[in-house]
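For reference, start-v1.csv (CSV, C-alpha atoms):
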chain,number,residue,atom,x,y,z
A,1074,MET,CA,0.0,0.0,0.0
A,1075,GLY,CA,1.2,3.5,-0.8
A,1076,GLU,CA,1.5,6.2,1.8
A,1077,ALA,CA,-1.6,8.2,2.6
A,1078,LYS,CA,-1.4,11.5,0.9
A,1079,GLU,CA,-2.1,14.4,3.1
A,1080,VAL,CA,-4.6,16.8,1.6
A,1081,ASP,CA,-3.9,20.5,2.3
A,1082,LEU,CA,-7.3,22.2,2.7
A,1083,PRO,CA,-6.6,25.2,4.8
A,1084,HIS,CA,-9.4,27.2,3.2
A,1085,ILE,CA,-12.1,24.9,4.4
A,1086,GLY,CA,-10.7,23.8,7.8
A,1087,ARG,CA,-9.6,20.4,9.0
A,1088,GLY,CA,-12.5,19.2,11.1
A,1089,PHE,CA,-14.4,16.3,9.6
A,1090,THR,CA,-17.8,17.9,9.6
A,1091,THR,CA,-16.4,21.1,8.2
A,1092,ARG,CA,-14.7,19.2,5.4
A,1093,ALA,CA,-17.9,17.2,4.7
A,1094,VAL,CA,-19.8,20.4,4.2
A,1095,HIS,CA,-17.2,22.4,2.2
A,1096,ALA,CA,-14.9,20.0,0.3
A,1097,GLY,CA,-15.2,20.1,-3.4
A,1098,GLU,CA,-17.6,23.1,-3.5
A,1099,ARG,CA,-17.1,26.4,-5.1
A,1100,PRO,CA,-14.1,25.8,-7.5
A,1101,ARG,CA,-12.6,29.1,-8.3
A,1102,ARG,CA,-11.0,28.4,-11.6
A,1103,LEU,CA,-12.2,25.9,-14.3
A,1104,GLU,CA,-9.9,25.2,-17.2
A,1105,PHE,CA,-12.6,23.5,-19.2
A,1106,THR,CA,-16.2,24.1,-20.3
A,1107,PRO,CA,-18.9,21.4,-19.9
A,1108,THR,CA,-20.5,20.5,-23.2
A,1109,VAL,CA,-23.9,20.3,-21.6
A,1110,THR,CA,-25.2,22.9,-19.3
A,1111,PRO,CA,-24.9,21.6,-15.7
A,1112,ILE,CA,-27.7,21.6,-13.2
A,1113,TYR,CA,-27.0,24.3,-10.7
A,1114,PRO,CA,-29.2,23.5,-7.6
A,1115,SER,CA,-27.6,26.1,-5.4
A,1116,VAL,CA,-30.0,28.5,-3.7
A,1117,SER,CA,-27.4,31.2,-3.3
A,1118,TYR,CA,-24.2,32.4,-5.0
A,1119,LEU,CA,-21.1,34.0,-3.6
A,1120,ALA,CA,-19.6,37.1,-5.2
A,1121,ASP,CA,-15.9,38.0,-5.1
A,1122,ASP,CA,-16.8,41.1,-3.0
A,1123,PRO,CA,-19.9,42.9,-1.6
A,1124,GLU,CA,-19.7,45.5,-4.3
A,1125,THR,CA,-20.2,42.9,-7.0
A,1126,GLN,CA,-23.1,41.4,-5.1
A,1127,ASP,CA,-24.7,44.8,-4.8
A,1128,ALA,CA,-24.3,45.4,-8.5
A,1129,VAL,CA,-26.0,42.1,-9.4
A,1130,PHE,CA,-28.9,42.8,-6.9
A,1131,GLY,CA,-29.3,46.2,-8.4
A,1132,GLY,CA,-29.4,44.9,-12.0
A,1133,GLU,CA,-26.3,46.8,-12.9
A,1134,ARG,CA,-24.4,43.7,-14.1
A,1135,GLU,CA,-25.1,40.1,-14.9
A,1136,GLY,CA,-24.7,37.5,-12.3
A,1137,TYR,CA,-26.5,35.4,-9.7
A,1138,VAL,CA,-27.2,35.9,-6.0
A,1139,TYR,CA,-30.4,33.9,-5.2
A,1140,THR,CA,-32.2,31.3,-7.3
A,1141,ARG,CA,-35.6,33.1,-7.0
A,1142,HIS,CA,-33.8,36.0,-8.8
A,1143,GLY,CA,-32.1,33.8,-11.4
A,1144,ASN,CA,-30.3,30.5,-11.9
A,1145,PRO,CA,-27.6,29.6,-14.5
A,1146,THR,CA,-29.4,26.5,-15.7
A,1147,THR,CA,-32.8,28.2,-16.0
A,1148,ARG,CA,-31.1,31.1,-17.7
A,1149,ALA,CA,-29.7,28.8,-20.3
A,1150,LEU,CA,-33.2,27.6,-21.1
A,1151,GLU,CA,-34.5,31.2,-21.4
A,1152,ILE,CA,-31.7,32.1,-23.8
A,1153,ALA,CA,-32.5,29.0,-25.9
A,1154,VAL,CA,-36.3,29.7,-26.1
A,1155,ALA,CA,-35.7,33.4,-27.0
A,1156,ALA,CA,-33.3,32.2,-29.8
A,1157,LEU,CA,-36.0,29.8,-31.1
A,1158,GLU,CA,-38.8,32.3,-30.9
A,1159,GLU,CA,-36.7,35.1,-32.3
A,1160,THR,CA,-37.4,37.4,-29.4
A,1161,GLU,CA,-35.0,39.6,-27.4
A,1162,ASP,CA,-35.4,37.6,-24.2
A,1163,ALA,CA,-37.5,35.1,-22.3
A,1164,VAL,CA,-38.5,34.3,-18.7
A,1165,ALA,CA,-39.1,30.8,-17.4
A,1166,PHE,CA,-41.8,29.8,-14.9
A,1167,GLY,CA,-42.8,26.8,-12.9
A,1168,SER,CA,-45.8,26.0,-15.2
A,1169,GLY,CA,-47.4,27.3,-18.4
A,1170,MET,CA,-50.3,28.8,-16.4
A,1171,GLY,CA,-47.8,30.6,-14.2
A,1172,ALA,CA,-46.2,32.1,-17.4
A,1173,LEU,CA,-49.6,33.1,-18.8
A,1174,LEU,CA,-50.6,34.7,-15.4
A,1175,ALA,CA,-47.4,36.8,-15.3
A,1176,ALA,CA,-47.7,37.8,-19.0
A,1177,ILE,CA,-51.2,39.1,-18.4
A,1178,LEU,CA,-50.6,40.6,-15.0
A,1179,ASN,CA,-47.7,42.6,-16.3
A,1180,GLU,CA,-50.1,44.4,-18.7
A,1181,VAL,CA,-53.3,45.0,-16.9
A,1182,GLN,CA,-54.6,46.9,-13.9
A,1183,ALA,CA,-58.0,47.0,-12.2
A,1184,GLY,CA,-60.6,48.6,-14.5
A,1185,GLN,CA,-58.8,47.7,-17.7
A,1186,ARG,CA,-60.3,45.1,-20.2
A,1187,ILE,CA,-59.1,42.0,-22.0
A,1188,VAL,CA,-60.4,40.6,-25.3
A,1189,ALA,CA,-59.8,36.9,-25.7
A,1190,SER,CA,-60.5,34.2,-28.2
A,1191,ARG,CA,-63.7,32.2,-27.3
A,1192,ASP,CA,-61.8,29.1,-28.4
A,1193,LEU,CA,-59.3,28.9,-25.6
A,1194,TYR,CA,-57.8,26.3,-23.3
A,1195,GLY,CA,-60.4,25.8,-20.5
A,1196,ALA,CA,-57.9,26.7,-17.7
A,1197,THR,CA,-57.1,29.9,-19.5
A,1198,GLN,CA,-60.8,30.8,-19.6
A,1199,ALA,CA,-61.0,30.0,-15.9
A,1200,LEU,CA,-58.0,32.2,-15.1
A,1201,LEU,CA,-59.6,35.1,-16.9
A,1202,GLY,CA,-63.0,34.5,-15.3
A,1203,ASN,CA,-62.1,33.4,-11.8
A,1204,VAL,CA,-58.9,35.3,-11.1
A,1205,PHE,CA,-58.7,38.4,-13.2
A,1206,ALA,CA,-62.4,39.2,-12.9
A,1207,THR,CA,-62.0,39.4,-9.1
A,1208,LEU,CA,-59.1,41.8,-9.7
A,1209,GLY,CA,-61.4,44.1,-11.6
A,1210,VAL,CA,-60.3,43.1,-15.1
A,1211,LYS,CA,-63.2,42.1,-17.3
A,1212,THR,CA,-62.8,39.8,-20.3
A,1213,THR,CA,-64.9,39.8,-23.5
A,1214,PHE,CA,-64.7,36.7,-25.6
A,1215,VAL,CA,-64.8,36.9,-29.4
A,1216,ASP,CA,-64.6,34.5,-32.4
A,1217,ILE,CA,-60.9,35.1,-33.2
A,1218,LEU,CA,-61.4,33.9,-36.8
A,1219,ASP,CA,-64.0,36.7,-37.4
A,1220,ARG,CA,-61.7,39.7,-38.1
A,1221,ASP,CA,-64.6,42.1,-38.4
A,1222,GLU,CA,-65.9,41.1,-34.9
A,1223,VAL,CA,-62.5,41.4,-33.4
A,1224,ALA,CA,-62.0,44.9,-35.0
A,1225,ARG,CA,-65.4,46.1,-33.8
A,1226,VAL,CA,-64.9,44.9,-30.2
A,1227,LEU,CA,-61.4,46.3,-29.9
A,1228,ALA,CA,-62.6,49.7,-31.3
A,1229,GLU,CA,-65.6,49.7,-28.9
A,1230,ILE,CA,-64.1,48.7,-25.6
A,1231,ARG,CA,-60.4,49.6,-26.1
A,1232,PRO,CA,-59.0,46.7,-24.1
A,1233,ARG,CA,-55.4,46.5,-22.9
A,1234,ILE,CA,-54.8,43.0,-24.3
A,1235,LEU,CA,-55.9,40.8,-27.1
A,1236,LEU,CA,-55.2,37.2,-26.1
A,1237,PHE,CA,-55.4,34.2,-28.4
A,1238,GLU,CA,-53.7,30.9,-29.3
A,1239,THR,CA,-51.7,30.2,-32.5
A,1240,ILE,CA,-53.5,26.8,-32.8
A,1241,SER,CA,-56.5,26.6,-30.5
A,1242,ASN,CA,-57.1,24.1,-27.8
A,1243,PRO,CA,-58.8,21.7,-28.5
A,1244,LEU,CA,-60.4,22.5,-31.9
A,1245,VAL,CA,-57.0,23.4,-33.6
A,1246,ARG,CA,-58.2,26.5,-35.4
A,1247,VAL,CA,-55.4,28.5,-36.8
A,1248,ALA,CA,-55.3,32.3,-36.0
A,1249,ASP,CA,-54.6,34.8,-38.8
A,1250,ILE,CA,-51.8,36.3,-36.8
A,1251,PRO,CA,-50.7,39.1,-39.2
A,1252,ALA,CA,-54.3,40.4,-39.5
A,1253,LEU,CA,-55.0,40.2,-35.8
A,1254,VAL,CA,-51.7,42.1,-35.0
A,1255,ALA,CA,-52.7,44.8,-37.5
A,1256,ILE,CA,-56.2,45.2,-36.0
A,1257,ALA,CA,-54.7,45.3,-32.4
A,1258,ARG,CA,-52.2,48.0,-33.4
A,1259,ARG,CA,-54.9,50.2,-34.9
A,1260,SER,CA,-56.5,50.2,-31.5
A,1261,ARG,CA,-53.2,50.4,-29.6
A,1262,VAL,CA,-53.8,47.0,-28.0
A,1263,LYS,CA,-51.1,44.6,-26.8
A,1264,THR,CA,-51.1,41.1,-28.2
A,1265,ILE,CA,-50.4,37.9,-26.1
A,1266,ILE,CA,-50.3,34.6,-27.9
A,1267,ASP,CA,-50.1,31.0,-26.6
A,1268,ASN,CA,-47.8,29.2,-29.0
A,1269,THR,CA,-47.7,25.9,-27.2
A,1270,PHE,CA,-49.4,23.8,-29.9
A,1271,ALA,CA,-47.4,25.2,-32.8
A,1272,THR,CA,-44.0,25.5,-31.1
A,1273,PRO,CA,-41.4,27.9,-32.6
A,1274,LEU,CA,-40.6,25.2,-35.2
A,1275,LEU,CA,-43.9,25.7,-36.9
A,1276,VAL,CA,-44.7,29.4,-36.1
A,1277,ASN,CA,-42.8,32.4,-34.8
A,1278,PRO,CA,-45.5,34.9,-33.7
A,1279,ALA,CA,-42.9,37.6,-33.0
A,1280,ARG,CA,-42.1,37.8,-36.7
A,1281,PHE,CA,-45.6,39.2,-37.2
A,1282,GLY,CA,-45.3,41.7,-34.4
A,1283,VAL,CA,-46.9,39.8,-31.5
A,1284,ASP,CA,-45.8,41.5,-28.3
A,1285,THR,CA,-45.6,38.5,-26.0
A,1286,VAL,CA,-45.4,34.7,-26.7
A,1287,VAL,CA,-46.2,32.2,-24.0
A,1288,HIS,CA,-45.5,28.4,-23.9
A,1289,SER,CA,-46.3,25.6,-21.6
A,1290,THR,CA,-42.8,24.0,-21.8
A,1291,THR,CA,-44.4,20.9,-20.2
A,1292,LYS,CA,-45.6,20.0,-23.6
A,1293,TYR,CA,-43.6,20.0,-26.9
A,1294,LEU,CA,-40.5,21.9,-25.7
A,1295,GLY,CA,-39.8,19.5,-22.9
A,1296,GLY,CA,-41.5,16.7,-24.8
A,1297,HIS,CA,-41.0,13.7,-22.5
A,1298,GLY,CA,-43.6,14.2,-19.8
A,1299,ASP,CA,-41.1,14.6,-17.0
A,1300,ALA,CA,-40.8,18.3,-16.4
A,1301,THR,CA,-43.6,20.9,-15.7
A,1302,GLY,CA,-42.8,24.5,-16.8
A,1303,GLY,CA,-43.6,27.6,-18.8
A,1304,VAL,CA,-41.9,30.4,-20.5
A,1305,VAL,CA,-42.7,34.0,-21.7
A,1306,ALA,CA,-40.7,35.2,-24.8
A,1307,THR,CA,-40.8,38.9,-25.4
A,1308,THR,CA,-38.8,42.1,-25.6
A,1309,ARG,CA,-35.9,42.7,-23.2
A,1310,GLU,CA,-37.7,45.5,-21.5
A,1311,ARG,CA,-40.9,43.5,-20.9
A,1312,ALA,CA,-38.8,40.5,-19.8
A,1313,LEU,CA,-37.2,42.6,-17.1
A,1314,GLU,CA,-40.6,43.7,-15.9
A,1315,ILE,CA,-41.9,40.1,-15.9
A,1316,GLY,CA,-38.7,39.0,-14.2
A,1317,GLU,CA,-39.5,41.3,-11.3
A,1318,LEU,CA,-42.9,39.6,-11.0
A,1319,THR,CA,-41.2,36.2,-10.7
A,1320,LYS,CA,-39.1,37.5,-7.9
A,1321,LEU,CA,-42.1,38.7,-6.0
A,1322,THR,CA,-44.5,35.8,-6.7
A,1323,GLY,CA,-41.8,33.1,-6.5
A,1324,ALA,CA,-43.2,31.3,-9.6
A,1325,VAL,CA,-39.7,30.3,-10.8
A,1326,LEU,CA,-38.7,27.2,-12.7
A,1327,GLY,CA,-36.5,24.9,-10.7
A,1328,PRO,CA,-33.0,24.1,-12.2
A,1329,PHE,CA,-33.6,20.4,-12.6
A,1330,GLU,CA,-36.8,21.0,-14.6
A,1331,ALA,CA,-35.0,23.7,-16.6
A,1332,TRP,CA,-32.2,21.2,-17.4
A,1333,LEU,CA,-34.7,18.5,-18.5
A,1334,THR,CA,-36.6,21.0,-20.6
A,1335,LEU,CA,-33.4,22.3,-22.2
A,1336,ARG,CA,-32.4,18.7,-23.0
A,1337,GLY,CA,-35.9,18.3,-24.6
A,1338,VAL,CA,-35.5,21.4,-26.7
A,1339,LYS,CA,-32.5,19.9,-28.4
A,1340,THR,CA,-34.6,17.2,-30.1
A,1341,LEU,CA,-37.7,19.3,-30.7
A,1342,SER,CA,-37.4,19.4,-34.5
A,1343,LEU,CA,-36.8,15.7,-34.7
A,1344,ARG,CA,-39.7,14.8,-32.5
A,1345,MET,CA,-42.1,17.4,-33.9
A,1346,GLN,CA,-41.5,16.3,-37.5
A,1347,ARG,CA,-42.6,12.7,-36.6
A,1348,GLN,CA,-45.5,13.9,-34.5
A,1349,CYS,CA,-46.9,16.1,-37.2
A,1350,GLU,CA,-46.5,13.4,-39.8
A,1351,ASN,CA,-48.4,11.0,-37.5
A,1352,ALA,CA,-51.1,13.5,-36.8
A,1353,ALA,CA,-51.7,14.2,-40.5
A,1354,ALA,CA,-51.9,10.5,-41.2
A,1355,LEU,CA,-54.3,9.9,-38.3
A,1356,ALA,CA,-56.5,12.8,-39.3
A,1357,ALA,CA,-56.8,11.4,-42.9
A,1358,TRP,CA,-57.6,7.9,-41.5
A,1359,LEU,CA,-60.2,9.2,-39.0
A,1360,SER,CA,-62.0,11.3,-41.6
A,1361,GLN,CA,-62.9,8.0,-43.4
A,1362,HIS,CA,-64.0,6.1,-40.3
A,1363,PRO,CA,-67.8,5.5,-40.1
A,1364,ARG,CA,-67.9,6.3,-36.4
A,1365,ILE,CA,-66.3,9.7,-36.7
A,1366,ALA,CA,-68.6,12.6,-37.4
A,1367,ARG,CA,-66.0,15.2,-37.8
A,1368,VAL,CA,-62.2,15.6,-37.8
A,1369,TYR,CA,-60.4,18.8,-36.8
A,1370,TYR,CA,-56.9,19.3,-38.1
A,1371,PRO,CA,-55.3,22.5,-39.6
A,1372,GLY,CA,-54.3,20.9,-42.9
A,1373,HIS,CA,-57.8,19.7,-43.7
A,1374,ASP,CA,-59.7,22.9,-44.4
A,1375,GLU,CA,-56.9,25.5,-44.3
A,1376,ARG,CA,-57.4,28.9,-45.7
A,1377,GLY,CA,-54.8,30.7,-47.7
A,1378,GLU,CA,-54.4,33.5,-45.2
A,1379,THR,CA,-53.6,31.2,-42.2
A,1380,ALA,CA,-51.2,29.1,-44.2
A,1381,GLN,CA,-48.8,32.0,-44.3
A,1382,VAL,CA,-48.2,31.9,-40.5
A,1383,PHE,CA,-46.4,28.6,-40.7
A,1384,ASN,CA,-42.6,28.3,-41.2
A,1385,ASN,CA,-43.0,25.0,-43.2
A,1386,ASP,CA,-45.5,22.4,-44.3
A,1387,LEU,CA,-46.0,20.9,-40.8
A,1388,ARG,CA,-49.4,21.6,-39.2
A,1389,GLY,CA,-49.0,20.3,-35.6
A,1390,GLY,CA,-49.3,17.1,-33.7
A,1391,ILE,CA,-52.9,17.6,-32.4
A,1392,VAL,CA,-56.0,16.1,-34.0
A,1393,ALA,CA,-59.5,16.4,-32.5
A,1394,PHE,CA,-62.5,14.4,-33.6
A,1395,ASP,CA,-66.2,14.0,-32.8
A,1396,ILE,CA,-67.4,10.4,-32.2
A,1397,ALA,CA,-70.8,10.2,-33.8
A,1398,GLU,CA,-73.8,10.1,-31.5
A,1399,ALA,CA,-71.5,9.8,-28.5
A,1400,GLY,CA,-71.7,11.1,-25.0
A,1401,ARG,CA,-69.8,10.6,-21.7
A,1402,GLU,CA,-70.3,6.8,-21.5
A,1403,GLU,CA,-69.5,6.1,-25.1
A,1404,VAL,CA,-66.3,8.2,-24.9
A,1405,PHE,CA,-65.3,6.5,-21.7
A,1406,CYS,CA,-65.8,3.1,-23.4
A,1407,PHE,CA,-63.5,4.2,-26.2
A,1408,LEU,CA,-60.9,5.4,-23.7
A,1409,ARG,CA,-60.9,2.2,-21.7
A,1410,ALA,CA,-60.4,0.1,-24.9
A,1411,LEU,CA,-57.2,1.8,-25.9
A,1412,ARG,CA,-53.9,-0.1,-25.4
A,1413,ILE,CA,-51.2,2.1,-27.1
A,1414,CYS,CA,-52.7,5.5,-27.0
A,1415,LEU,CA,-52.7,6.8,-23.4
A,1416,PRO,CA,-55.8,8.4,-21.9
A,1417,VAL,CA,-53.9,11.2,-19.9
A,1418,THR,CA,-54.4,14.9,-19.5
A,1419,THR,CA,-51.5,16.4,-21.3
A,1420,LEU,CA,-50.0,16.6,-24.8
A,1421,GLY,CA,-46.8,17.0,-26.7
A,1422,ASP,CA,-45.0,13.9,-25.3
A,1423,VAL,CA,-43.3,11.2,-27.3
A,1424,TYR,CA,-46.3,9.0,-26.4
A,1425,THR,CA,-49.6,9.3,-28.3
A,1426,MET,CA,-52.2,10.6,-25.8
A,1427,VAL,CA,-56.0,11.1,-25.9
A,1428,LEU,CA,-58.1,13.4,-23.8
A,1429,TYR,CA,-61.8,14.0,-23.2
A,1430,PRO,CA,-62.1,17.8,-23.0
A,1431,ALA,CA,-65.6,17.8,-21.4
A,1432,VAL,CA,-64.2,16.2,-18.2
A,1433,SER,CA,-60.6,17.6,-18.2
A,1434,THR,CA,-59.4,20.8,-20.0
A,1435,HIS,CA,-62.9,22.3,-20.2
A,1436,ARG,CA,-64.3,20.8,-17.0
A,1437,THR,CA,-64.6,24.1,-15.3
A,1438,LEU,CA,-67.0,25.4,-18.0
A,1439,SER,CA,-70.7,24.9,-17.9
A,1440,PRO,CA,-72.3,22.7,-20.6
A,1441,GLN,CA,-73.6,25.9,-22.2
A,1442,GLU,CA,-70.2,27.5,-22.2
A,1443,ARG,CA,-68.7,24.3,-23.7
A,1444,ALA,CA,-71.3,24.2,-26.4
A,1445,GLY,CA,-70.7,27.9,-27.1
A,1446,ALA,CA,-67.0,27.1,-27.6
A,1447,GLY,CA,-67.8,24.2,-29.9
A,1448,ILE,CA,-66.8,21.5,-27.3
A,1449,GLY,CA,-69.4,18.7,-27.8
A,1450,ASP,CA,-70.0,15.7,-25.6
A,1451,GLY,CA,-68.4,13.4,-28.2
A,1452,LEU,CA,-65.2,15.4,-28.8
A,1453,VAL,CA,-61.9,13.7,-28.2
A,1454,ARG,CA,-58.4,15.4,-28.5
A,1455,LEU,CA,-55.5,13.3,-29.7
A,1456,SER,CA,-51.8,14.3,-29.3
A,1457,ALA,CA,-49.8,12.2,-31.7
A,1458,GLY,CA,-46.6,10.7,-30.4
A,1459,ILE,CA,-43.6,9.3,-32.3
A,1460,GLU,CA,-44.8,5.6,-32.5
A,1461,ASP,CA,-45.3,3.7,-35.7
A,1462,VAL,CA,-48.5,5.1,-37.2
A,1463,ALA,CA,-49.8,1.7,-38.3
A,1464,ASP,CA,-49.9,0.6,-34.6
A,1465,LEU,CA,-51.7,3.8,-33.6
A,1466,ILE,CA,-54.3,3.2,-36.4
A,1467,GLU,CA,-54.8,-0.4,-35.3
A,1468,ASP,CA,-55.3,0.7,-31.6
A,1469,LEU,CA,-57.8,3.4,-32.5
A,1470,ASP,CA,-59.7,1.1,-34.9
A,1471,ARG,CA,-60.1,-1.6,-32.2
A,1472,ALA,CA,-61.2,0.9,-29.6
A,1473,LEU,CA,-63.8,2.6,-31.9
A,1474,ALA,CA,-65.3,-0.9,-32.8
A,1475,ILE,CA,-66.2,-1.5,-29.1
A,1476,ARG,CA,-69.5,-0.1,-28.0
Translate this structure into structure tokens?
Amino acid sequence: MGEAKEVDLPHIGRGFTTRAVHAGERPRRLEFTPTVTPIYPSVSYLADDPETQDAVFGGEREGYVYTRHGNPTTRALEIAVAALEETEDAVAFGSGMGALLAAILNEVQAGQRIVASRDLYGATQALLGNVFATLGVKTTFVDILDRDEVARVLAEIRPRILLFETISNPLVRVADIPALVAIARRSRVKTIIDNTFATPLLVNPARFGVDTVVHSTTKYLGGHGDATGGVVATTRERALEIGELTKLTGAVLGPFEAWLTLRGVKTLSLRMQRQCENAAALAAWLSQHPRIARVYYPGHDERGETAQVFNNDLRGGIVAFDIAEAGREEVFCFLRALRICLPVTTLGDVYTMVLYPAVSTHRTLSPQERAGAGIGDGLVRLSAGIEDVADLIEDLDRALAIR
């Protein structure tokens, strides 16, 4: 046996417990750069001197002092999303709803108004009706595809925000973003868009002048069903304002979730290509099935003016369909019969997933409100995964045959 080597650790002390706490931490100089962004779970950060810490706290220089104020792993994700969305900056949150809440809250005050698409994610509608309404911010819902109605309502009530989705949830209707931005600007209205369904691979709303872009990174950006998160992509000035909100509300994205999401972003284009191809194939097959009354997919009845919003010929991974003469029990029977498609309440994963909006995403709405939004009792939403499409068709065919 060789002689024991004495380790000289004067800067951390010689006591066992002291060494256990401090050894290996806070390396001062690294002569290498990790290929992949590390996870930085540290709550706090040391500065070389109090003056530097003061400058970081005051926003006079970049750096980190406390993870609620910023984290290197989370910051790497923000930079990546801003680059993909072609915005100046981005701010990450603990969930998509947290991101949307901050984006709206940054723009409105009590007494101001919001105009929003009638065809919105149910939780978004609930946020507007149950939270912002109690803060004195009233929302008027419009048919976002009716440009005349949108222009008339904006001119009449002069809202602070026009809120809509690139591809709506769950009826996958595509918004005419350039036209809506032009209408909003005439009335000096800010635009906020949820780009979750499209992702920046398909659509970049900022190219058309949208002020703020929101994502649930839980979905396609993360893409593996293992990290909840959200992000707001916008101008540098607005990102600073929203960042101040995160410091006060604490709705920050944790470094581990940020790392998982950043890893997912690296394969977004590969996954999304396959998911869109599968969705298009399933939409075509479903449209010929005798038990399906209607199929909703952007490529089916696309208008020329909405086609221009897409960066390529991909139209998303979401398909919705009405099972003919079906209600709750018939849809439940269909869901129970599935073997490969997973009946879960999310989307954008590598797995194919199906969801019943009436009891999940739009559960908080009354039957009348759901009907007004076009959400029937037989409507099913499918998020295509990356499996072999022939297996997905066989699974759906078998489940639809069971009554």
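Of the listed residues (A:Pro1371, A:Pro1107, A:Pro1363, A:Gly1167), A:Pro1371 comes nearest to Ser1241 in chain A; the distances count all atoms listed in the file.
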Legend entry - Residue with smallest distance to Leu1119 in chain A - pool A:Val1245, A:Val1226, A:Tyr1139, A:Arg1311, counting all atoms listed in the file: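 The answer is A:Tyr1139, which sits nearest to Leu1119 in chain A.
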Inset, instruction - Show which residues sit within 10 Å of range 1344-1354 of chain A, as a PyMOL selection string. Count only C-alpha atoms, and ignore same-chain residues fewer than 5 positions away. - result: chain A and resi 1271-1272+1274-1275+1293-1294+1296+1337-1339+1359+1370-1373+1386-1393+1421-1425+1455-1463+1465-1466
Show which residues sit within 12 Å of Val1432 in chain A, as a PDB file with C-alpha atoms, in the frame of the given file. Count only C-alpha atoms, and ignore same-chain residues fewer than 6 positions away.
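Below is the file around-v3.pdb, written as the result:
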ATOM      1  CA  GLY A1195     -60.400  25.800 -20.500  1.00  0.00           C
ATOM      2  CA  GLY A1400     -71.700  11.100 -25.000  1.00  0.00           C
ATOM      3  CA  ARG A1401     -69.800  10.600 -21.700  1.00  0.00           C
ATOM      4  CA  GLU A1402     -70.300   6.800 -21.500  1.00  0.00           C
ATOM      5  CA  VAL A1404     -66.300   8.200 -24.900  1.00  0.00           C
ATOM      6  CA  PHE A1405     -65.300   6.500 -21.700  1.00  0.00           C
ATOM      7  CA  VAL A1417     -53.900  11.200 -19.900  1.00  0.00           C
ATOM      8  CA  THR A1418     -54.400  14.900 -19.500  1.00  0.00           C
ATOM      9  CA  LEU A1438     -67.000  25.400 -18.000  1.00  0.00           C
ATOM     10  CA  SER A1439     -70.700  24.900 -17.900  1.00  0.00           C
ATOM     11  CA  PRO A1440     -72.300  22.700 -20.600  1.00  0.00           C
ATOM     12  CA  ARG A1443     -68.700  24.300 -23.700  1.00  0.00           C
ATOM     13  CA  ILE A1448     -66.800  21.500 -27.300  1.00  0.00           C
ATOM     14  CA  GLY A1449     -69.400  18.700 -27.800  1.00  0.00           C
ATOM     15  CA  ASP A1450     -70.000  15.700 -25.600  1.00  0.00           C
ATOM     16  CA  GLY A1451     -68.400  13.400 -28.200  1.00  0.00           C
ATOM     17  CA  LEU A1452     -65.200  15.400 -28.800  1.00  0.00           C
ATOM     18  CA  VAL A1453     -61.900  13.700 -28.200  1.00  0.00           C
ATOM     19  CA  ARG A1454     -58.400  15.400 -28.500  1.00  0.00           C
TER      20      ARG A1454
END
Inset, instruction - Starting from the point (-66.5, 25.9, -29.1), work out which residues of protein, DNA or RNA have an atom no more than 10 Å away when counting all atoms listed in the file; state them as a VMD selection string. - result: chain A and resid 1191 to 1193 1216 1242 to 1244 1441 to 1449
Inset, instruction - Extract, using all atoms listed in the file, all DNA, RNA and protein residues at most 9 Å from Leu1408 in chain A, discarding same-chain residues fewer than 4 positions from it, and format them as a list in words. - result: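 These residues fall inside the cut-off: Glu1403, Val1404, Cys1414, Leu1415, Pro1416, Val1427, Leu1428, Tyr1429 and Ala1472 of chain A.
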Legend entry - Distance of CA of Ala1156 in chain A from CA of Leu1313 in chain A, expressed in Å to one decimal place: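 Between these atoms lies a distance of 16.9 Å.
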Find the residues around Leu1473 in chain A up to 9 Å (all atoms listed in the file counted), leave out those fewer than 6 positions away in its own chain, and share them as a PDB file with C-alpha atoms, in the frame of the given file.
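Output saved as around35.pdb:
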ATOM      1  CA  ARG A1364     -67.900   6.300 -36.400  1.00  0.00           C
ATOM      2  CA  ILE A1365     -66.300   9.700 -36.700  1.00  0.00           C
ATOM      3  CA  ILE A1396     -67.400  10.400 -32.200  1.00  0.00           C
ATOM      4  CA  CYS A1406     -65.800   3.100 -23.400  1.00  0.00           C
ATOM      5  CA  PHE A1407     -63.500   4.200 -26.200  1.00  0.00           C
ATOM      6  CA  ALA A1410     -60.400   0.100 -24.900  1.00  0.00           C
ATOM      7  CA  LEU A1411     -57.200   1.800 -25.900  1.00  0.00           C
TER       8      LEU A1411
END
Inset, instruction - Quick one: everything within 12 Å of Ser1190 in chain A, counting all atoms listed in the file, minus sequence neighbours fewer than 2 positions away in the same chain. Send it as a ChimeraX atom specification. - result: /A:1187-1188,1192-1195,1197-1198,1201,1212-1220,1222-1223,1226,1234-1242,1246-1248,1253,1264-1267,1446
Inset, instruction - Go ahead and compute the interatomic distance for CA of Ala1300 in chain A and CA of Thr1322 in chain A, in Å to one decimal. - result: 20.3 Å
Inset, instruction - Pick out the closest residue to Glu1161 in chain A from this set: A:Val1305, A:Leu1341, A:Leu1227, A:Val1116. Count only C-alpha atoms. - result: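 Result for the nearest residue to Glu1161 in chain A: A:Val1305.
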Legend entry - Sel. within 6 Å of pt (-59.3, 51.2, -25.1), counting all atoms listed in the file, output as a PyMOL selection string: chain A and resi 1230-1232
Inset, instruction - Quick one: pull the distance between CA of Val1164 in chain A and CA of Val1304 in chain A, Å, one decimal. - result: 5.5 Å
Legend entry - Of the listed residues A:Gly1171, A:Pro1328, A:Gly1298, A:Gly1303, that which approaches Met1426 in chain A most closely, counting all atoms listed in the file: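 For Met1426 in chain A, the nearest of the candidates is A:Gly1298.
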Inset, instruction - Could you tell me which of A:Arg1134, A:His1142, A:Arg1280, A:Arg1471 comes closest to Ile1413 in chain A if we count only C-alpha atoms? - result: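 Ranked by minimum distance to Ile1413 in chain A, first place goes to A:Arg1471.
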